[in-house]
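J.: My structure file query_9.cif, mmCIF, C-alpha atoms, is below:
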data_final
loop_
_atom_site.label_atom_id
_atom_site.label_comp_id
_atom_site.auth_asym_id
_atom_site.auth_seq_id
_atom_site.Cartn_x
_atom_site.Cartn_y
_atom_site.Cartn_z
CA MET A 1 111.53 163.84 202.40
CA ALA A 2 111.35 161.09 204.99
CA LEU A 3 107.76 162.02 205.68
CA MET A 4 106.91 161.92 201.99
CA LEU A 5 108.49 158.54 201.61
CA ALA A 6 106.68 157.28 204.66
CA LEU A 7 103.42 158.50 203.21
CA SER A 8 104.20 156.94 199.88
CA PHE A 9 104.96 153.54 201.21
CA SER A 10 102.31 153.39 203.87
CA LYS A 11 98.84 152.14 203.19
CA LEU A 12 97.45 155.52 204.12
CA ALA A 13 94.45 154.42 206.09
CA LEU A 14 92.57 157.51 204.99
CA CYS A 15 91.12 155.73 201.99
CA GLN A 16 90.62 152.07 202.76
CA PRO A 17 88.09 149.90 200.91
CA VAL A 18 84.54 150.33 202.13
CA VAL A 19 84.34 146.55 202.51
CA ASP A 20 87.31 144.34 203.26
CA MET A 21 86.10 141.19 204.95
CA PRO A 22 87.77 137.79 205.19
CA VAL A 23 85.91 134.95 203.52
CA THR A 24 86.41 131.23 203.95
CA LEU A 25 85.28 130.42 200.40
CA GLU A 26 83.23 127.55 201.77
CA LYS A 27 79.95 126.86 200.06
CA GLY A 28 77.24 129.08 201.42
CA THR A 29 76.08 132.67 201.67
CA ILE A 30 77.77 135.57 203.38
CA ARG A 31 76.63 139.16 203.85
CA SER A 32 78.83 142.18 204.27
CA PRO A 33 78.26 144.69 207.02
CA GLU A 34 76.19 147.68 205.99
CA PHE A 35 78.30 150.31 204.24
CA THR A 36 77.91 153.71 202.64
CA VAL A 37 79.61 155.06 199.56
CA LYS A 38 80.33 158.26 197.69
CA HIS A 39 78.93 159.10 194.29
CA LYS A 40 81.66 157.24 192.49
CA GLN A 41 82.32 154.02 190.63
CA TYR A 42 83.13 151.04 192.83
CA ILE A 43 84.44 147.61 192.07
CA ILE A 44 83.65 144.37 193.84
CA ALA A 45 86.59 142.01 194.05
CA LEU A 46 87.73 138.73 195.45
CA GLN A 47 91.23 139.45 196.66
CA VAL A 48 93.97 137.17 197.95
CA ASP A 49 97.45 137.76 199.27
CA ASN A 50 100.31 136.70 197.04
CA ALA A 51 101.04 133.74 199.29
CA LEU A 52 101.04 131.30 196.40
CA PRO A 53 102.92 131.49 193.11
CA LEU A 54 101.19 133.88 190.76
CA GLY A 55 100.48 131.17 188.23
CA GLN A 56 98.69 129.09 190.84
CA THR A 57 96.78 132.06 192.23
CA LYS A 58 95.62 133.03 188.76
CA CYS A 59 94.30 129.58 188.01
CA MET A 60 92.52 129.12 191.32
CA LEU A 61 91.05 132.61 191.36
CA GLY A 62 90.02 132.40 187.72
CA VAL A 63 92.17 135.28 186.57
CA HIS A 64 93.23 134.97 182.98
CA PHE A 65 95.89 137.13 181.40
CA ALA A 66 94.58 137.86 177.93
CA TRP A 67 98.03 137.55 176.39
CA GLU A 68 98.56 134.01 177.64
CA HIS A 69 97.20 130.70 176.54
CA ASP A 70 95.22 129.08 179.29
CA SER A 71 97.33 126.27 180.73
CA CYS A 72 95.60 125.86 184.09
CA GLU A 73 94.20 122.44 183.27
CA LEU A 74 97.65 121.26 182.25
CA VAL A 75 99.39 122.41 185.42
CA GLY A 76 96.67 121.04 187.68
CA PHE A 77 95.40 124.10 189.48
CA PRO A 78 91.64 123.97 189.02
CA LEU A 79 89.42 126.97 189.39
CA ALA A 80 88.45 127.35 193.04
CA VAL A 81 85.84 130.09 192.89
CA GLU A 82 82.25 130.09 191.70
CA ALA A 83 79.76 132.48 193.18
CA GLU A 84 76.78 134.74 192.71
CA TRP A 85 76.52 138.17 194.24
CA THR A 86 73.74 140.65 194.85
CA LEU A 87 74.11 144.22 195.97
CA TYR A 88 71.33 145.74 198.05
CA ALA A 89 70.75 149.45 198.53
CA ASP A 90 68.36 150.32 201.34
CA GLY A 91 67.15 146.74 201.26
CA GLN A 92 66.45 146.60 197.54
CA PRO A 93 68.60 144.63 195.10
CA VAL A 94 70.33 147.04 192.74
CA ALA A 95 72.99 144.91 191.09
CA HIS A 96 73.64 141.25 190.53
CA GLY A 97 76.39 139.18 189.00
CA THR A 98 77.89 135.74 188.73
CA VAL A 99 81.41 134.43 188.97
CA ARG A 100 81.86 131.61 186.51
CA GLY A 101 84.88 130.32 184.67
CA LYS A 102 87.78 132.63 184.01
CA ASP A 103 87.79 136.35 183.48
CA THR A 104 90.27 138.94 182.38
CA ALA A 105 89.17 141.56 184.92
CA TRP A 106 91.93 141.58 187.47
CA GLU A 107 94.64 143.49 189.22
CA THR A 108 97.87 142.27 190.68
CA SER A 109 100.35 144.14 192.83
CA LYS A 110 103.28 143.22 195.01
CA SER A 111 101.01 142.29 197.90
CA HIS A 112 97.84 140.93 196.41
CA THR A 113 95.93 139.70 193.39
CA SER A 114 92.29 140.55 192.77
CA ARG A 115 89.63 139.18 190.55
CA TRP A 116 87.15 141.93 189.80
CA ILE A 117 83.72 140.35 189.84
CA GLY A 118 81.53 143.39 189.41
CA ASN A 119 81.16 147.12 189.60
CA PHE A 120 78.49 149.68 190.43
CA MET A 121 77.94 153.40 190.63
CA GLY A 122 77.50 154.37 194.24
CA GLU A 123 74.79 156.69 195.45
CA LYS A 124 75.64 158.86 198.37
CA GLY A 125 73.37 158.46 201.37
CA LYS A 126 72.20 154.95 200.65
CA LYS A 127 73.08 152.03 202.84
CA TYR A 128 74.48 149.09 200.95
CA VAL A 129 74.88 145.41 201.76
CA LEU A 130 76.68 142.92 199.54
CA GLU A 131 75.54 139.31 199.59
CA VAL A 132 77.66 136.59 198.04
CA THR A 133 76.72 132.95 197.63
CA PHE A 134 79.67 130.68 196.97
CA THR A 135 78.48 127.71 194.93
CA LYS A 136 81.78 125.87 194.87
CA ASP A 137 84.13 125.00 197.69
CA GLY A 138 87.17 127.22 197.35
CA THR A 139 88.88 126.53 200.64
CA ALA A 140 92.03 125.51 198.80
CA LEU A 141 92.64 129.25 198.48
CA ARG A 142 92.28 129.85 202.22
CA VAL A 143 96.04 129.86 202.69
CA ALA A 144 96.10 133.10 200.70
CA ASN A 145 93.79 134.95 203.09
CA PRO A 146 90.88 135.51 200.69
CA ARG A 147 88.80 138.63 201.16
CA LEU A 148 85.73 140.22 199.72
CA VAL A 149 86.56 143.79 198.84
CA VAL A 150 84.53 146.77 197.70
CA GLU A 151 86.64 149.76 196.80
CA LEU A 152 86.78 152.73 194.52
CA THR A 153 87.62 151.92 190.96
CA PRO A 154 91.33 152.53 190.74
CA GLY A 155 91.40 156.10 189.58
CA SER A 156 95.01 156.74 188.81
CA PHE A 157 95.75 154.74 185.73
CA MET A 158 98.68 156.80 184.56
CA MET B 159 113.84 122.68 179.65
CA THR B 160 113.58 123.76 183.24
CA LEU B 161 113.87 127.25 184.51
CA GLY B 162 115.33 128.34 187.80
CA SER B 163 113.55 131.10 189.62
CA THR B 164 116.11 132.54 191.99
CA CYS B 165 117.59 135.91 191.25
CA ALA B 166 119.03 138.93 192.92
CA LEU B 167 119.06 142.56 192.04
CA ASN B 168 121.88 143.76 189.88
CA ALA B 169 123.53 145.90 192.50
CA ALA B 170 127.24 146.34 192.97
CA SER B 171 127.84 143.54 190.57
CA SER B 172 131.11 142.52 189.04
CA PHE B 173 131.38 141.79 185.37
CA PRO B 174 130.55 139.43 183.77
CA LEU B 175 127.39 139.33 185.81
CA PRO B 176 127.60 136.79 188.61
CA PRO B 177 125.03 134.01 188.63
CA HIS B 178 121.46 135.27 189.00
CA SER B 179 122.45 138.89 189.33
CA SER B 180 120.39 139.90 186.33
CA CYS B 181 117.10 139.05 188.06
CA LYS B 182 116.01 137.01 185.08
CA GLU B 183 114.85 133.45 184.92
CA ARG B 184 117.71 131.01 184.47
CA ASP B 185 117.63 127.90 182.38
CA THR B 186 119.19 125.42 184.77
CA GLU B 187 120.38 123.17 181.97
CA SER B 188 122.18 125.70 179.83
CA GLY B 189 122.91 128.30 182.52
CA ASN B 190 121.54 131.06 180.33
CA ASP B 191 119.34 133.88 181.63
CA ASP B 192 116.14 134.59 179.75
CA PHE B 193 115.92 138.33 179.06
CA GLY B 194 112.87 137.95 176.88
CA ALA B 195 114.36 138.99 173.58
CA ARG B 196 117.56 137.02 174.02
CA TYR B 197 119.45 134.67 176.32
CA TYR B 198 122.42 135.94 178.32
CA ASN B 199 125.33 133.71 179.29
CA SER B 200 126.83 134.88 182.57
CA ALA B 201 129.87 132.64 182.13
CA THR B 202 131.01 134.58 179.09
CA GLY B 203 129.35 137.87 179.96
CA ARG B 204 127.70 138.01 176.56
CA PHE B 205 124.33 137.47 175.02
CA ARG B 206 124.08 134.24 173.06
CA SER B 207 122.77 136.03 169.98
CA PRO B 208 123.09 139.52 168.52
CA ASP B 209 120.53 142.19 169.33
CA TRP B 210 117.70 142.59 166.87
CA SER B 211 114.92 144.98 166.05
CA ASP B 212 111.79 144.91 164.02
CA GLY B 213 112.64 147.92 161.93
CA PRO B 214 115.46 148.01 159.40
CA ALA B 215 118.68 148.94 161.17
CA ALA B 216 122.25 148.12 160.33
CA VAL B 217 123.19 148.00 164.00
CA PRO B 218 120.06 147.88 166.17
CA TYR B 219 120.00 150.30 169.10
CA ALA B 220 123.40 151.68 168.27
CA LYS B 221 124.17 155.11 169.70
CA PHE B 222 126.40 157.37 167.75
CA GLY B 223 129.29 158.45 169.89
CA ASP B 224 129.31 155.26 171.94
CA PRO B 225 131.40 152.56 170.23
CA GLN B 226 130.37 150.04 172.88
CA SER B 227 126.86 150.17 171.52
CA LEU B 228 128.10 148.66 168.25
CA ASN B 229 128.76 145.36 170.00
CA LEU B 230 125.49 143.51 169.57
CA TYR B 231 126.45 140.81 172.06
CA SER B 232 127.40 142.99 175.04
CA TYR B 233 125.34 143.58 178.17
CA VAL B 234 124.60 147.26 178.89
CA TYR B 235 127.56 148.29 176.72
CA ASN B 236 129.87 146.34 179.04
CA ASN B 237 129.01 148.72 181.88
CA PRO B 238 126.50 146.94 184.11
CA LEU B 239 126.85 149.50 186.87
CA GLY B 240 125.76 152.26 184.54
CA GLY B 241 122.40 150.90 183.56
CA ILE B 242 120.04 147.99 183.29
CA ASP B 243 118.71 145.86 180.49
CA PRO B 244 115.06 145.04 181.08
CA ASP B 245 114.35 142.91 178.05
CA GLY B 246 117.46 141.95 176.12
CA HIS B 247 117.41 144.96 173.82
CA ASP B 248 119.43 148.10 174.29
CA SER B 249 119.70 149.37 177.87
CA ILE B 250 118.38 152.01 180.18
CA GLU B 251 121.10 154.25 181.44
CA GLY B 252 120.97 156.60 184.39
CA LEU B 253 118.06 158.96 183.88
CA ASP B 254 118.71 162.62 183.52
CA LEU B 255 116.14 164.93 185.04
CA GLY B 256 116.54 167.80 182.64
CA VAL B 257 113.01 168.43 181.47
CA ASN B 258 110.38 165.88 182.19
CA ILE B 259 109.51 164.90 178.70
CA THR B 260 109.18 161.26 177.90
CA PHE B 261 108.30 160.08 174.51
CA ILE B 262 107.84 156.80 172.89
CA GLY B 263 108.59 155.69 169.42
CA ASP B 264 112.25 155.93 168.65
CA HIS B 265 114.88 153.39 169.57
CA GLY B 266 117.65 155.92 169.49
CA TYR B 267 115.96 157.99 172.11
CA TYR B 268 114.60 155.18 174.20
CA ASN B 269 113.69 156.38 177.63
CA GLN B 270 115.64 159.56 177.42
CA MET B 271 114.27 162.34 179.56
CA ASN B 272 116.69 165.06 178.69
CA ALA B 273 115.17 167.63 176.43
CA ALA B 274 118.67 168.69 175.43
CA GLU B 275 119.01 165.53 173.40
CA THR B 276 115.78 165.77 171.56
CA THR B 277 112.51 167.60 171.40
CA ALA B 278 108.90 166.63 171.21
CA GLU B 279 108.86 167.86 167.66
CA ALA B 280 111.64 165.51 166.65
CA ALA B 281 109.81 162.63 168.28
CA GLN B 282 106.67 163.51 166.44
CA GLN B 283 108.46 163.65 163.10
CA GLN B 284 110.11 160.34 163.77
CA SER B 285 106.89 158.64 164.72
CA GLN B 286 105.00 160.08 161.78
CA SER B 287 107.72 158.80 159.49
CA GLU B 288 107.33 155.33 160.94
CA ASP B 289 103.58 155.45 160.69
CA GLN B 290 103.87 156.36 157.05
CA GLN B 291 105.68 153.10 156.54
CA GLY B 292 102.49 151.37 157.57
CA GLN B 293 103.92 149.67 160.60
CA TRP B 294 100.97 150.54 162.79
CA SER B 295 97.35 150.21 161.85
CA THR B 296 94.05 151.09 163.44
CA THR B 297 92.61 147.70 162.53
CA PRO B 298 93.96 144.44 163.91
CA PRO B 299 95.62 141.95 161.57
CA THR B 300 93.40 139.10 160.47
CA SER B 301 96.06 136.49 161.15
CA GLY B 302 99.24 135.99 163.09
CA HIS B 303 100.47 137.59 166.28
CA TYR B 304 100.06 141.28 166.89
CA LEU B 305 100.69 143.99 169.43
CA THR B 306 97.99 146.38 170.63
CA ASN B 307 98.56 149.84 172.05
CA ALA B 308 95.46 151.56 173.40
CA TYR B 309 95.00 155.15 174.45
CA PHE B 310 92.19 156.04 176.87
CA PRO B 311 91.85 159.84 176.79
CA GLU B 312 89.41 159.86 179.70
CA GLY B 313 91.35 157.38 181.82
CA ALA B 314 93.11 158.29 185.04
CA ASP B 315 90.49 160.81 186.05
CA GLY B 316 90.80 162.49 182.67
CA ALA B 317 94.58 162.61 182.63
CA GLY B 318 94.79 159.85 180.04
CA HIS B 319 95.94 156.26 180.15
CA TRP B 320 97.84 153.84 177.94
CA GLY B 321 97.50 150.08 177.83
CA VAL B 322 99.15 147.30 175.89
CA GLY B 323 97.93 143.92 174.72
CA LEU B 324 98.93 140.92 172.65
CA ASP B 325 96.79 139.06 170.14
CA THR B 326 93.65 140.74 171.38
CA PRO B 327 91.88 143.70 169.81
CA ASP B 328 90.55 145.23 173.01
CA LYS B 329 91.87 143.44 176.10
CA THR B 330 94.75 145.65 177.07
CA VAL B 331 96.65 145.83 180.33
CA GLY B 332 97.84 148.90 182.16
CA PHE B 333 100.07 149.95 185.01
CA ALA B 334 98.81 152.25 187.73
CA THR B 335 99.18 153.27 191.28
CA ASN B 336 97.46 150.90 193.59
CA ASP B 337 95.28 153.73 194.74
CA GLY B 338 94.29 153.74 198.40
CA VAL B 339 95.47 157.33 198.51
CA PRO B 340 93.14 160.34 198.73
CA LYS B 341 92.94 162.26 195.52
CA PHE B 342 94.46 165.50 196.74
CA LEU B 343 97.33 163.73 198.42
CA ARG B 344 97.85 161.49 195.43
CA ALA B 345 98.10 164.52 193.17
CA ILE B 346 100.82 165.98 195.35
CA LEU B 347 102.73 162.74 195.58
CA LEU B 348 102.45 162.16 191.86
CA ALA B 349 103.57 165.68 191.03
CA ILE B 350 106.77 165.30 193.00
CA GLY B 351 107.41 161.90 191.45
CA ALA B 352 107.08 160.03 194.73
CA PRO B 353 106.97 156.25 194.47
CA LEU B 354 103.54 154.78 195.09
CA PRO B 355 102.44 151.15 195.23
CA GLY B 356 102.01 149.97 191.65
CA ALA B 357 99.67 147.41 190.18
CA ILE B 358 99.15 145.77 186.84
CA HIS B 359 95.50 145.63 185.91
CA ASP B 360 93.35 144.94 182.94
CA ASP B 361 91.80 148.01 181.39
CA SER B 362 88.17 146.94 181.60
CA MET B 363 87.45 149.42 184.39
CA VAL B 364 89.11 152.35 182.67
CA ASN B 365 86.80 155.00 181.22
CA GLN B 366 86.23 153.71 177.69
CA THR B 367 85.18 157.02 176.15
CA GLY B 368 87.04 157.77 172.95
CA VAL B 369 89.48 154.87 173.16
CA GLN B 370 91.94 154.69 170.28
CA ARG B 371 93.72 151.46 169.52
CA PHE B 372 96.71 150.73 167.31
CA TYR B 373 97.90 147.38 166.06
CA ARG B 374 101.12 146.02 164.69
CA PRO B 375 101.96 142.52 163.43
CA LEU B 376 104.56 140.52 165.34
CA THR B 377 106.72 137.58 164.45
CA ASP B 378 106.74 134.58 166.77
CA ALA B 379 110.02 135.73 168.30
CA GLN B 380 108.69 139.23 168.87
CA PHE B 381 105.54 137.85 170.41
CA ASP B 382 107.52 135.63 172.79
CA ALA B 383 109.68 138.56 173.85
CA ALA B 384 106.69 140.81 174.48
CA GLN B 385 104.86 138.08 176.34
CA SER B 386 107.90 137.54 178.54
CA ALA B 387 108.02 141.27 179.31
CA MET B 388 104.36 141.31 180.27
CA ASN B 389 104.72 138.27 182.48
CA ASN B 390 107.75 139.73 184.19
CA ARG B 391 105.92 142.93 185.07
CA ALA B 392 102.80 141.09 186.16
CA SER B 393 104.94 139.08 188.55
CA HIS B 394 106.90 142.08 189.80
CA SER B 395 104.67 145.12 189.44
CA GLY B 396 106.89 147.28 191.65
CA LEU B 397 106.41 150.93 192.44
CA TYR B 398 104.70 153.54 190.33
CA SER B 399 106.18 156.95 189.64
CA LEU B 400 104.67 159.52 187.34
CA TYR B 401 107.98 160.21 185.63
CA PHE B 402 109.93 157.00 185.85
CA ARG B 403 107.45 154.13 185.96
CA ASN B 404 104.11 155.13 184.53
CA CYS B 405 101.57 153.50 182.25
CA ALA B 406 103.16 154.95 179.14
CA LEU B 407 106.57 153.55 180.05
CA TRP B 408 104.99 150.20 180.81
CA ASP B 409 103.48 150.29 177.35
CA GLN B 410 106.81 151.32 175.92
CA SER B 411 108.71 148.58 177.71
CA VAL B 412 106.56 145.89 176.12
CA ASP B 413 106.87 147.50 172.70
CA HIS B 414 110.57 147.73 173.20
CA ALA B 415 110.88 144.12 174.26
CA ALA B 416 109.26 143.18 170.98
CA GLY B 417 111.83 145.29 169.19
CA VAL B 418 109.28 147.65 167.72
CA SER B 419 108.68 151.34 167.97
CA GLY B 420 105.70 152.32 170.01
CA VAL B 421 102.85 154.59 169.14
CA PRO B 422 104.11 158.07 169.88
CA HIS B 423 102.91 159.73 172.98
CA ILE B 424 104.28 162.25 175.34
CA VAL B 425 103.96 162.79 179.02
CA ALA B 426 103.92 166.53 179.27
CA PHE B 427 105.13 168.65 182.10
CA PRO B 428 104.00 167.29 185.46
CA MET B 429 101.56 170.02 186.32
CA VAL B 430 99.61 169.29 183.18
CA LEU B 431 99.25 165.61 183.96
CA ARG B 432 97.83 164.89 180.56
CA LEU B 433 99.08 162.33 178.12
CA TRP B 434 99.18 163.69 174.65
CA TYR B 435 100.06 162.22 171.37
CA PRO B 436 100.05 163.73 167.91
CA GLN B 437 96.79 163.35 166.08
CA GLN B 438 97.20 161.59 162.77
#
Mind turning the file's structure into C-alpha cells?

T.:
Amino acid sequence: MALMLALSFSKLALCQPVVDMPVTLEKGTIRSPEFTVKHKQYIIALQVDNALPLGQTKCMLGVHFAWEHDSCELVGFPLAVEAEWTLYADGQPVAHGTVRGKDTAWETSKSHTSRWIGNFMGEKGKKYVLEVTFTKDGTALRVANPRLVVELTPGSFM
Amino acid sequence: MTLGSTCALNAASSFPLPPHSSCKERDTESGNDDFGARYYNSATGRFRSPDWSDGPAAVPYAKFGDPQSLNLYSYVYNNPLGGIDPDGHDSIEGLDLGVNITFIGDHGYYNQMNAAETTAEAAQQQSQSEDQQGQWSTTPPTSGHYLTNAYFPEGADGAGHWGVGLDTPDKTVGFATNDGVPKFLRAILLAIGAPLPGAIHDDSMVNQTGVQRFYRPLTDAQFDAAQSAMNNRASHSGLYSLYFRNCALWDQSVDHAAGVSGVPHIVAFPMVLRLWYPQQ
C-alpha cells in the first residue's frame, strides 16, 4: 500500500513532458531542443507554478474561465503574454499558432496553471523543434517560473 | 463586502464549527462563511437561511429515517464529524464501499455508493421522471442563466467523460487526473481507486466525437451557487480518484450546488471503466 501511495503521489518520471523548458517571457524568439514524439495528440502550453493567486495568474496568463465575467481590467492584472509559435518537423514548419487575448483552453492543478496555446498530432520518427516568438514583455510572470511545455494531451478525463 | 481567505480543514472540530474550520470563504464583516448556496454562521452553528432546491420539495434533501435532516438550518445534520457539506445543500456522509455504483440525478440518493440502498434501475426511473417534467433540454435557453452538462462518449481514451458549464452552450469544464502516468500503470492505479493528482481543465482537448449536451435554466441564486462551486474546485482541484472524485462527481457537485438534479449517468463497475447513461 505504501508503495502504491508513493507511486500515486510521485511525479512518476516515466512520462514527463517531451518539452519542459523555462522561459523568461522577454520579447524575442526561443527554440526548444529537438524532440521526438509518439503517434499521439500533443498539446503546447505555457505553464506557470501557482506562486501567485489564481485570479492574478489567470489574468496575466490570459486564461479565462468561461463561467466567469472577465474582470481582469477592473482588478488591474493586465495580460502578460502575447506570442506566435511554429512547430517544425524535420526542419519543415508543420503547425503554427498565435497567442492573443484571452482563451478558455487551460488546465489548473494544485501545483500549476497552464494556458494551452496549441496542439498537434505527433508522427513517430520525426524530429521536432518548437519556436516561440514572444511579442510582448511578460516578465511580470517570471516569479511564477514560466515554462514552455509540450506534453501528451491529458488522456484520463474521467 | 470583504471576504477573508483563511481556512482550515474540518478535522476534529467541535460544534458549532470553530472559526474558519469549514474551509469556506468568510465575510469579515458579518462573520458568515460562504458555502455557495447559503451562508453559515459559526457563532450560532446554523445556516442563515433554510436549505433550498430547484425541484418541488416540502423539505429539501430530507432523508426519511433521519429527523435531523428535517432541520433546514443545521450543518451536516448537527454531526460535523460524520460528514461534510461542500456547497450549502445537504451533506456527504461517510461513503460506503458496497458496490461501486455512483449515479447522479436524485437528491435523496446524493453520492450514495451502496447498492443496497438503491439500484441503477431506480436511478434511471427517477431521472426519466424528472426529464419528463422538462427540466433538462438538449437546446440551450435563449435567455437567462443556464447550466450545461456535456457527455463525451469518446473522452478519456474511450472510457467517457463528463463536463459542466454555465451560461455557455459548449464551453464545459472537466476534472481529470493530471496525467504524467504511463497508461498501463494509470489503469492499475485507477482500478484500485488510488488517489492521483487532479486537475480542472476545459474540455476543448477532449475527443469531441458524439458529444451530447444538456441544458437547464437557472435562477440568479442558483447560478451564483454553481459559480461558487466551480471557482472553489478550480482553486482547490485536489486529488482524483475513479470512485470518489471523478469527472462525473465533479459534474454532480456543481449541479448539486445549484440545487438541481443532474443528468443521469452511472459509473459502472471499475473494470468496465465506461460511463453510461440511459439513452432517452

J.: What are the residues of chain B that have an atom within 7 Å of an atom of chain A, counting only C-alpha atoms, as a ChimeraX atom specification?

T.: /B:313-315,318-319,323-325,329,333-340,352-360,362,385,392-396,404-405

J.: Enter the distance from atom CA of Leu130 of chain A to atom CA of Val37 of chain A, in Å, rounded to one decimal.

T.: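 Pair atom CA of Leu130 of chain A / atom CA of Val37 of chain A returns 12.5 Å.
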
J.: If we count only C-alpha atoms and set the cut-off at 9 Å, which residues sit around Thr24 of chain A, ignoring sequence neighbours fewer than 2 positions away in its own chain? Please answer as a PyMOL selection string.

T.: chain A and resi 22+26-27+138-139+141-142+145-147

J.: Residues picked by the PyMOL selection byres ((chain A and resi 149) around 7) here, as a PDB file with C-alpha atoms, in the coordinates of the input?

T.:
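Result file is selection16.pdb:
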ATOM      1  CA  PRO A  17      88.090 149.900 200.910  1.00  0.00           C
ATOM      2  CA  VAL A  19      84.340 146.550 202.510  1.00  0.00           C
ATOM      3  CA  ASP A  20      87.310 144.340 203.260  1.00  0.00           C
ATOM      4  CA  MET A  21      86.100 141.190 204.950  1.00  0.00           C
ATOM      5  CA  ILE A  44      83.650 144.370 193.840  1.00  0.00           C
ATOM      6  CA  ALA A  45      86.590 142.010 194.050  1.00  0.00           C
ATOM      7  CA  LEU A  46      87.730 138.730 195.450  1.00  0.00           C
ATOM      8  CA  GLN A  47      91.230 139.450 196.660  1.00  0.00           C
ATOM      9  CA  ARG A 147      88.800 138.630 201.160  1.00  0.00           C
ATOM     10  CA  LEU A 148      85.730 140.220 199.720  1.00  0.00           C
ATOM     11  CA  VAL A 150      84.530 146.770 197.700  1.00  0.00           C
ATOM     12  CA  GLU A 151      86.640 149.760 196.800  1.00  0.00           C
TER      13      GLU A 151
END

J.: Give as a VMD selection string each residue that has an atom at most 6 Å from (86.0, 158.0, 180.8) in the file, counting all atoms listed in the file.

T.: chain B and resid 312 to 313 365 to 367
